[in-house]
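Chemist: I'm passing along input_13.txt; it holds compact mmCIF, C-alpha atoms.
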```txt
# COMPACT_ATOMS: atom_id res chain seq x y z
CA ASP A 26 -29.31 4.99 26.44
CA ARG A 27 -26.65 6.56 24.23
CA CYS A 28 -27.65 4.33 21.34
CA ALA A 29 -31.46 4.56 21.67
CA LYS A 30 -31.70 7.91 19.87
CA TRP A 31 -30.56 6.23 16.66
CA GLY A 32 -33.71 4.12 16.34
CA PRO A 33 -34.05 0.49 15.20
CA ALA A 34 -30.88 -1.49 14.67
CA MET A 35 -29.45 -1.59 11.17
CA THR A 36 -29.46 -4.99 9.49
CA HIS A 37 -25.97 -6.49 9.55
CA SER A 38 -24.18 -8.12 6.65
CA ASP A 39 -25.27 -11.63 5.76
CA SER A 40 -21.70 -12.72 5.09
CA LEU A 41 -20.33 -15.95 6.53
CA LEU A 42 -18.18 -14.07 9.02
CA ALA A 43 -21.22 -12.16 10.28
CA ARG A 44 -23.30 -15.34 10.55
CA LEU A 45 -20.60 -17.05 12.61
CA GLY A 46 -21.06 -14.48 15.39
CA LEU A 47 -17.42 -14.85 16.40
CA GLU A 48 -17.46 -11.87 18.76
CA SER A 49 -20.87 -12.59 20.31
CA VAL A 50 -19.56 -14.54 23.29
CA TYR A 51 -17.28 -11.66 24.24
CA LEU A 52 -19.73 -8.72 23.96
CA ASP A 53 -22.62 -7.69 26.18
CA ASP A 54 -25.86 -6.06 25.08
CA GLU A 55 -24.40 -2.56 25.40
CA HIS A 56 -21.54 -3.40 23.04
CA ARG A 57 -24.00 -4.85 20.52
CA ALA A 58 -26.15 -1.73 20.72
CA LEU A 59 -23.01 0.37 20.27
CA ARG A 60 -22.09 -1.55 17.11
CA ALA A 61 -25.55 -1.04 15.64
CA ALA A 62 -25.46 2.68 16.46
CA LEU A 63 -22.00 3.09 14.98
CA ARG A 64 -23.00 1.27 11.82
CA ARG A 65 -25.93 3.62 11.37
CA PHE A 66 -23.74 6.65 12.11
CA VAL A 67 -21.12 5.55 9.60
CA ALA A 68 -23.73 4.99 6.89
CA LYS A 69 -25.42 8.35 7.49
CA GLU A 70 -22.64 10.73 8.52
CA ILE A 71 -19.36 9.34 7.15
CA VAL A 72 -19.75 7.41 3.91
CA PRO A 73 -21.71 10.12 2.02
CA LYS A 74 -19.25 12.88 3.01
CA ALA A 75 -15.82 11.26 3.33
CA ASP A 76 -14.78 11.73 -0.31
CA GLN A 77 -14.71 15.48 0.34
CA TRP A 78 -12.68 14.98 3.50
CA LYS A 79 -10.27 12.90 1.44
CA LYS A 80 -9.82 15.85 -0.91
CA ASP A 81 -9.38 18.23 2.04
CA ARG A 82 -6.81 15.88 3.61
CA ARG A 83 -8.40 16.25 7.04
CA LEU A 84 -11.45 15.43 9.13
CA PRO A 85 -13.62 18.51 9.85
CA ARG A 86 -13.94 19.74 13.41
CA GLU A 87 -17.71 19.39 13.27
CA VAL A 88 -17.36 15.61 12.92
CA PHE A 89 -15.54 15.42 16.27
CA GLU A 90 -18.20 17.62 17.84
CA LEU A 91 -21.07 15.57 16.36
CA MET A 92 -19.55 12.33 17.62
CA GLY A 93 -18.99 13.97 20.99
CA SER A 94 -22.63 15.04 21.22
CA LEU A 95 -23.68 11.43 20.54
CA GLY A 96 -21.40 9.95 23.19
CA LEU A 97 -19.07 8.38 20.61
CA MET A 98 -15.87 10.14 21.69
CA ASP A 99 -15.48 8.60 25.14
CA ILE A 100 -16.60 5.02 24.57
CA SER A 101 -13.52 3.47 26.20
CA PHE A 102 -13.32 6.02 29.05
CA PRO A 103 -14.37 4.66 32.45
CA GLY A 104 -17.77 5.57 33.80
CA ALA A 105 -16.09 7.06 36.89
CA VAL A 106 -15.06 10.09 34.81
CA GLY A 107 -18.33 10.25 32.88
CA GLY A 108 -17.20 8.09 29.97
CA GLY A 109 -19.06 5.36 28.15
CA GLY A 110 -17.46 2.55 30.15
CA GLY A 111 -17.06 0.38 27.06
CA GLY A 112 -13.49 -0.59 27.88
CA VAL A 113 -11.20 -2.20 25.33
CA ARG A 114 -14.11 -4.05 23.74
CA GLY A 115 -15.85 -0.74 23.15
CA ALA A 116 -12.71 0.67 21.58
CA VAL A 117 -12.46 -2.39 19.33
CA VAL A 118 -16.06 -2.01 18.17
CA LEU A 119 -15.46 1.70 17.45
CA SER A 120 -12.28 1.08 15.43
CA GLU A 121 -13.74 -1.88 13.56
CA GLU A 122 -16.90 -0.04 12.49
CA LEU A 123 -14.97 3.08 11.46
CA GLY A 124 -12.63 0.84 9.45
CA ARG A 125 -15.62 -0.85 7.84
CA SER A 126 -16.56 2.56 6.41
CA THR A 127 -13.64 1.96 3.95
CA TYR A 128 -12.15 5.34 4.95
CA GLY A 129 -9.16 4.45 7.10
CA GLY A 130 -8.20 8.10 7.55
CA VAL A 131 -11.46 8.80 9.36
CA ALA A 132 -10.86 5.88 11.72
CA THR A 133 -7.31 7.04 12.34
CA SER A 134 -8.15 10.67 13.01
CA VAL A 135 -10.97 9.80 15.42
CA THR A 136 -9.12 7.12 17.39
CA ALA A 137 -5.93 9.19 17.55
CA HIS A 138 -8.08 11.60 19.54
CA SER A 139 -10.21 9.22 21.58
CA ASP A 140 -8.02 6.19 22.26
CA MET A 141 -4.39 6.94 21.42
CA SER A 142 -4.12 10.37 23.06
CA ALA A 143 -6.83 11.30 25.52
CA LEU A 144 -6.81 8.02 27.46
CA HIS A 145 -3.44 9.10 28.86
CA LEU A 146 -5.30 11.84 30.74
CA VAL A 147 -7.60 9.27 32.33
CA ARG A 148 -4.71 6.96 33.21
CA ALA A 149 -2.34 9.52 34.72
CA GLY A 150 -4.09 12.88 35.08
CA THR A 151 -4.72 14.62 38.37
CA GLU A 152 -8.23 15.59 39.38
CA GLN A 153 -7.48 19.16 38.32
CA GLN A 154 -6.12 18.09 34.91
CA ILE A 155 -9.12 15.88 34.27
CA GLU A 156 -11.54 18.65 35.21
CA ARG A 157 -9.69 21.10 32.95
CA TYR A 158 -9.43 19.04 29.79
CA LEU A 159 -11.79 16.06 29.84
CA PRO A 160 -15.12 17.82 29.21
CA GLY A 161 -13.77 19.39 26.01
CA ILE A 162 -12.23 16.09 24.92
CA ARG A 163 -15.42 14.11 25.50
CA SER A 164 -17.51 16.68 23.64
CA GLY A 165 -15.12 16.80 20.69
CA ARG A 166 -14.50 20.54 21.16
CA LEU A 167 -10.89 19.87 22.12
CA ILE A 168 -9.24 17.68 19.46
CA CYS A 169 -6.21 15.65 20.58
CA GLY A 170 -3.02 14.36 19.00
CA LEU A 171 -0.15 12.18 20.22
CA GLY A 172 3.44 13.39 19.91
CA VAL A 173 5.82 10.43 20.01
CA THR A 174 7.60 9.69 16.72
CA GLU A 175 10.68 11.78 15.86
CA PRO A 176 12.78 12.09 12.70
CA ASP A 177 15.41 9.75 14.19
CA ALA A 178 13.27 7.55 16.45
CA SER A 179 9.99 5.68 16.10
CA SER A 180 9.39 2.15 17.39
CA ASP A 181 12.37 2.38 19.80
CA LEU A 182 11.03 4.83 22.38
CA SER A 183 14.27 4.74 24.38
CA ASN A 184 15.96 6.79 21.63
CA LEU A 185 13.57 9.75 21.73
CA SER A 186 15.50 13.01 22.03
CA THR A 187 12.96 15.84 22.35
CA SER A 188 14.02 17.43 25.64
CA ALA A 189 12.06 18.98 28.50
CA ARG A 190 14.26 21.07 30.83
CA ARG A 191 12.80 22.13 34.18
CA GLU A 192 12.99 25.84 34.86
CA GLY A 193 11.11 26.94 37.95
CA ASP A 194 7.40 26.25 37.57
CA SER A 195 7.71 25.30 33.90
CA TYR A 196 9.43 22.95 31.47
CA VAL A 197 11.17 24.17 28.33
CA LEU A 198 10.67 21.75 25.43
CA ASN A 199 12.96 21.56 22.41
CA GLY A 200 12.76 19.09 19.54
CA ARG A 201 10.61 17.89 16.68
CA LYS A 202 7.84 15.31 16.42
CA THR A 203 6.94 13.89 13.04
CA PHE A 204 4.15 11.83 11.40
CA ILE A 205 1.65 13.19 13.92
CA THR A 206 -2.02 12.50 13.18
CA ASN A 207 -4.17 15.63 13.73
CA ALA A 208 -1.01 17.77 13.88
CA ASN A 209 -2.63 20.76 12.19
CA ILE A 210 -6.12 20.53 13.68
CA ALA A 211 -5.60 19.41 17.28
CA ASP A 212 -5.94 21.66 20.31
CA LEU A 213 -4.08 19.40 22.74
CA PHE A 214 -1.02 17.23 22.24
CA PHE A 215 0.12 14.45 24.55
CA VAL A 216 3.88 14.71 24.11
CA VAL A 217 6.62 12.46 25.44
CA ALA A 218 9.92 14.26 26.07
CA ARG A 219 13.22 13.57 27.78
CA THR A 220 13.52 14.98 31.29
CA GLY A 221 16.42 12.79 32.41
CA ASP A 222 19.23 10.54 31.27
CA ASN A 223 19.27 8.60 28.01
CA GLY A 224 17.13 5.49 27.92
CA ARG A 225 13.61 4.60 28.89
CA HIS A 226 13.73 5.93 32.46
CA GLY A 227 14.38 9.53 31.44
CA LEU A 228 11.07 10.18 29.66
CA SER A 229 8.06 12.13 30.87
CA LEU A 230 4.63 12.84 29.41
CA PHE A 231 3.10 16.31 28.99
CA VAL A 232 -0.16 17.88 27.85
CA VAL A 233 0.81 20.71 25.49
CA GLU A 234 -1.85 23.17 24.40
CA ARG A 235 -1.87 24.79 20.99
CA GLY A 236 -0.89 28.39 21.56
CA MET A 237 1.73 27.70 24.21
CA PRO A 238 4.74 29.87 23.30
CA GLY A 239 7.34 27.98 21.26
CA LEU A 240 5.00 25.39 19.71
CA SER A 241 4.57 25.51 15.94
CA ASN A 242 3.73 23.22 13.05
CA GLY A 243 6.37 21.96 10.64
CA ARG A 244 5.69 20.11 7.44
CA THR A 245 2.32 18.73 6.39
CA PHE A 246 2.60 15.36 4.66
CA GLU A 247 0.81 14.06 1.57
CA LYS A 248 0.19 10.37 2.22
CA THR A 249 -0.36 7.32 0.03
CA GLY A 250 -3.36 6.35 2.16
CA TRP A 251 -5.40 7.64 5.10
CA ARG A 252 -6.07 10.73 3.00
CA SER A 253 -9.06 11.85 5.05
CA SER A 254 -6.80 12.46 8.06
CA ASP A 255 -4.28 15.20 8.76
CA LEU A 256 -0.60 14.30 9.21
CA GLY A 257 2.19 16.72 10.02
CA GLU A 258 5.00 17.79 12.31
CA LEU A 259 5.22 19.56 15.66
CA VAL A 260 8.20 21.81 16.36
CA PHE A 261 9.18 22.80 19.91
CA THR A 262 11.49 25.81 20.13
CA ASP A 263 11.99 26.78 23.77
CA CYS A 264 8.33 25.88 24.22
CA ILE A 265 7.13 26.89 27.69
CA VAL A 266 4.90 24.24 29.29
CA PRO A 267 3.71 24.75 32.89
CA ALA A 268 4.85 22.02 35.25
CA GLU A 269 1.20 21.39 36.11
CA CYS A 270 0.80 20.04 32.57
CA ARG A 271 3.07 17.04 33.23
CA LEU A 272 1.12 13.79 33.42
CA GLY A 273 2.26 11.45 36.15
CA GLU A 274 5.63 11.53 37.84
CA GLU A 275 8.76 12.77 36.13
CA GLY A 276 10.41 9.78 34.47
CA ALA A 277 7.16 7.79 34.22
CA GLY A 278 6.66 8.55 30.54
CA PHE A 279 7.98 5.28 29.13
CA GLY A 280 5.63 3.13 31.21
CA LEU A 281 2.66 5.32 30.32
CA MET A 282 3.56 5.23 26.64
CA MET A 283 3.87 1.45 26.58
CA GLN A 284 0.47 1.09 28.20
CA GLY A 285 -0.91 3.46 25.60
CA LEU A 286 0.86 1.67 22.75
CA ASP A 287 -0.71 -1.66 23.69
CA HIS A 288 -4.14 -0.07 23.45
CA GLU A 289 -3.20 1.71 20.21
CA ARG A 290 -2.10 -1.58 18.66
CA ILE A 291 -5.37 -3.25 19.59
CA CYS A 292 -7.27 -0.37 17.95
CA LEU A 293 -5.16 -0.54 14.79
CA VAL A 294 -5.81 -4.27 14.53
CA ALA A 295 -9.54 -3.65 14.92
CA GLN A 296 -9.38 -1.06 12.15
CA SER A 297 -7.58 -3.67 10.02
CA ILE A 298 -10.41 -6.13 10.64
CA GLY A 299 -13.00 -3.55 9.65
CA LEU A 300 -11.20 -2.75 6.41
CA ALA A 301 -10.82 -6.47 5.69
CA HIS A 302 -14.55 -7.06 6.23
CA ALA A 303 -15.38 -4.29 3.77
CA ALA A 304 -12.82 -5.51 1.21
CA LEU A 305 -14.01 -9.10 1.38
CA ASP A 306 -17.71 -8.16 1.12
CA SER A 307 -17.05 -5.87 -1.84
CA THR A 308 -14.90 -8.43 -3.65
CA LEU A 309 -17.39 -11.24 -3.13
CA GLU A 310 -20.13 -9.06 -4.60
CA TRP A 311 -17.90 -8.28 -7.60
CA VAL A 312 -16.74 -11.80 -8.45
CA ARG A 313 -20.30 -13.10 -8.32
CA VAL A 314 -21.50 -10.73 -11.05
CA ARG A 315 -18.37 -10.06 -13.14
CA GLU A 316 -18.23 -12.47 -16.07
CA VAL A 317 -15.21 -13.87 -17.88
CA TYR A 318 -15.63 -16.22 -20.87
CA GLY A 319 -19.38 -16.25 -20.25
CA ARG A 320 -19.18 -17.27 -16.59
CA PRO A 321 -18.89 -15.29 -13.33
CA LEU A 322 -15.46 -15.12 -11.74
CA TRP A 323 -16.94 -16.98 -8.76
CA SER A 324 -17.16 -20.10 -10.94
CA LEU A 325 -13.33 -20.29 -11.00
CA GLN A 326 -12.17 -22.60 -8.23
CA ALA A 327 -8.85 -20.78 -7.79
CA ILE A 328 -10.67 -17.56 -6.86
CA ARG A 329 -13.22 -19.27 -4.63
CA HIS A 330 -10.53 -21.15 -2.73
CA GLU A 331 -8.37 -18.06 -2.27
CA LEU A 332 -11.24 -16.07 -0.78
CA ALA A 333 -12.30 -19.06 1.34
CA ALA A 334 -8.76 -19.36 2.77
CA PHE A 335 -8.70 -15.66 3.65
CA THR A 336 -12.12 -15.95 5.30
CA ALA A 337 -10.85 -18.78 7.51
CA ARG A 338 -7.73 -16.84 8.50
CA LEU A 339 -9.77 -13.72 9.18
CA ALA A 340 -12.15 -15.71 11.39
CA GLY A 341 -9.20 -16.75 13.55
CA ALA A 342 -7.94 -13.17 13.78
CA ILE A 343 -11.36 -11.87 14.83
CA THR A 344 -11.66 -14.50 17.54
CA LEU A 345 -8.24 -13.67 18.98
CA LEU A 346 -8.97 -9.93 18.85
CA TYR A 347 -12.18 -10.19 20.85
CA HIS A 348 -10.74 -12.76 23.25
CA ALA A 349 -7.84 -10.37 23.88
CA ALA A 350 -10.17 -7.42 24.43
CA GLN A 351 -12.24 -9.37 26.94
CA GLN A 352 -9.15 -10.58 28.80
CA ILE A 353 -7.71 -7.05 29.02
CA ASP A 354 -11.04 -5.70 30.26
CA ALA A 355 -10.92 -8.42 32.93
CA GLY A 356 -7.61 -7.01 34.17
CA ASN A 357 -5.09 -9.23 32.40
CA SER A 358 -1.93 -7.83 30.84
CA SER A 359 -2.30 -6.47 27.32
CA ARG A 360 1.35 -6.79 26.25
CA ALA A 361 1.41 -10.27 24.69
CA TYR A 362 -2.05 -9.94 23.15
CA ALA A 363 -1.22 -6.60 21.53
CA ALA A 364 2.09 -7.88 20.17
CA LEU A 365 0.62 -11.12 18.77
CA LEU A 366 -2.23 -9.32 17.06
CA LYS A 367 -0.16 -6.47 15.66
CA ALA A 368 2.53 -8.88 14.44
CA ASP A 369 0.10 -10.84 12.28
CA VAL A 370 -3.29 -9.29 11.52
CA PRO A 371 -2.27 -6.18 9.53
CA THR A 372 -0.03 -8.35 7.34
CA LEU A 373 -2.92 -10.75 6.76
CA VAL A 374 -5.18 -7.84 5.82
CA ASN A 375 -2.57 -6.48 3.39
CA GLU A 376 -2.36 -9.89 1.72
CA LEU A 377 -6.15 -10.01 1.50
CA THR A 378 -6.52 -6.50 0.03
CA TYR A 379 -3.77 -7.24 -2.53
CA GLN A 380 -5.79 -10.20 -3.79
CA CYS A 381 -9.00 -8.16 -3.71
CA VAL A 382 -7.42 -5.62 -6.05
CA GLN A 383 -6.21 -8.48 -8.25
CA PHE A 384 -9.65 -10.06 -8.46
CA THR A 385 -11.43 -6.79 -9.21
CA GLY A 386 -8.88 -5.91 -11.89
CA GLY A 387 -8.92 -2.40 -13.32
CA ALA A 388 -12.02 -1.53 -11.30
CA GLY A 389 -10.01 -2.11 -8.14
CA PHE A 390 -7.08 -0.01 -9.30
CA VAL A 391 -8.78 3.27 -10.19
CA GLU A 392 -9.16 5.95 -7.56
CA GLY A 393 -12.66 6.23 -6.22
CA SER A 394 -13.32 2.52 -5.83
CA ALA A 395 -13.66 1.12 -2.33
CA ILE A 396 -11.11 -1.64 -2.97
CA GLU A 397 -8.47 0.81 -4.23
CA ARG A 398 -9.01 3.01 -1.18
CA ILE A 399 -8.93 0.10 1.27
CA SER A 400 -5.73 -1.31 -0.25
CA ARG A 401 -3.98 2.03 0.29
CA ASP A 402 -5.34 2.60 3.77
CA ALA A 403 -4.47 -0.91 4.94
CA ARG A 404 -0.81 -0.60 4.01
CA PHE A 405 0.31 1.55 6.92
CA LEU A 406 -1.40 -0.62 9.50
CA ALA A 407 1.58 -3.02 9.31
CA ILE A 408 3.90 -0.08 10.10
CA GLY A 409 2.24 2.38 12.49
CA GLY A 410 2.15 1.68 16.22
CA GLY A 411 5.06 -0.75 15.91
CA SER A 412 6.07 -2.41 12.68
CA THR A 413 5.43 -6.09 11.98
CA GLU A 414 9.13 -6.88 12.43
CA VAL A 415 9.35 -5.10 15.81
CA MET A 416 6.18 -6.85 16.98
CA ARG A 417 7.48 -10.27 15.96
CA ASP A 418 10.62 -9.64 17.98
CA GLU A 419 8.47 -8.64 20.97
CA VAL A 420 6.51 -11.88 20.62
CA ALA A 421 9.77 -13.85 20.39
CA ARG A 422 11.07 -12.27 23.60
CA ALA A 423 7.95 -13.44 25.42
CA MET A 424 8.31 -17.05 24.22
```
I need this file expressed as structure tokens, please.
Modeler:
Amino acid sequence: DRCAKWGPAMTHSDSLLARLGLESVYLDDEHRALRAALRRFVAKEIVPKADQWKKDRRLPREVFELMGSLGLMDISFPGAVGGGGGGVRGAVVLSEELGRSTYGGVATSVTAHSDMSALHLVRAGTEQQIERYLPGIRSGRLICGLGVTEPDASSDLSNLSTSARREGDSYVLNGRKTFITNANIADLFFVVARTGDNGRHGLSLFVVERGMPGLSNGRTFEKTGWRSSDLGELVFTDCIVPAECRLGEEGAGFGLMMQGLDHERICLVAQSIGLAHAALDSTLEWVRVREVYGRPLWSLQAIRHELAAFTARLAGAITLLYHAAQQIDAGNSSRAYAALLKADVPTLVNELTYQCVQFTGGAGFVEGSAIERISRDARFLAIGGGSTEVMRDEVARAM
């Protein structure tokens, strides 16, 4: 029903990866309709406008509200709270299609709101908290951000130092969060802070509203990629947060964050796949028409074989991604799947986009080309949400 208003399905790419239908066994009709609707939305509402957002270094509020009005902001939320009920597979389709737009910053800003932040409210919020915040989140009127990374701590959550001291009916937060997507535009921040001893068992999770006394913005960062998203700092200086804004029990923050990180990593991998699809399609189109010594680049076996090898590797990554999403939706643990995918796929996509720039030459190096933009946006996907090296160590510990 959410997708019907967008009319007939858009014709999909005729690439080999599309013809293989690798994800078809894992998706139901609603997921397929969602993909078609998202592809139309991206073509109509994102691609023609995103260059301006790139210049502005942020995604406009009206984009969140438009997506909310179309039911695209709560795809992975359970139907019990009024969400789309798409589960992890729905989140994967969303991230992949936004990545396919070639504007990674748009994908990042949207999913930081919908899947990396707000899902914590669904997982751990009380009935009163859900009633207070969820309608605005689902509609896109309340934009969300996630406050985890600090100047001295990132992948190792046990070293976070932002403190939350209980005083009567409130907590007093002090510290600084950095590299926060939507830092300057969000209305709500899901912030992990230390309420107890050092280590993972002393962390708690809070919903902090913009305007709460003691919350301010620090630096705004100029990034190599993801330029259509906002990135900045949050500063807590004796910030007063009512105790009723704590999510879950005191000390439960680490477990909640790890559950959220697994989902975040799956979404980042899906965005990687979307960017890779777009890069491969664009490069194939280029090498088939660009001539060198009187022949198209496609006639060179070295180039054909390189792109064929990447297509085979990408096919394996897509299959694992959708298998993982289905298994998680069926109730299986996400930890190993998320680690395996995040340890490998973003690195693969970076290797692919490097070669795509190489094969498109100067045209792939100048700003404004899709390949140049994708190569920049793909780079951070091997870092954010847990670096490749940290993920490989997590995989090794599970072996």
Chemist: Excluding segment 111-124 of chain A and its own-chain neighbours fewer than 5 positions away, which residues fall within 8 Å of it when counting all atoms listed in the file? Please give them as a PyMOL selection string.
Modeler: chain A and resi 52+56+59-60+63-64+67+100-103+129+131-132+136+140+288+291-293+295-300+347+350-351+353-354
Chemist: Got a sec: who's within 10 Å of Arg244 of chain A, counting only C-alpha atoms, leaving out chain neighbours fewer than 3 positions off, as a PyMOL selection string?
Modeler: chain A and resi 203-204+208-209+247+256-260
Chemist: Excluding same-chain residues fewer than 3 positions from segment 393-398 of chain A, what lies within 12 Å of it counting only C-alpha atoms, as a ChimeraX atom specification?
Modeler: /A:72,75-77,79-80,124-130,249-253,300-311,375,377-390,401-404
Chemist: Find the distance between atom CA of Thr220 of chain A and atom CA of Tyr196 of chain A and write it in Å to one decimal.
Modeler: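 Atom-to-atom, atom CA of Thr220 of chain A and atom CA of Tyr196 of chain A are spaced 9.0 Å apart.
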Chemist: For Leu159 of chain A, which residue out of A:Ile343, A:Ala327, A:Leu213, A:Leu182 is the nearest one, using only C-alpha atoms?
Modeler: A:Leu213
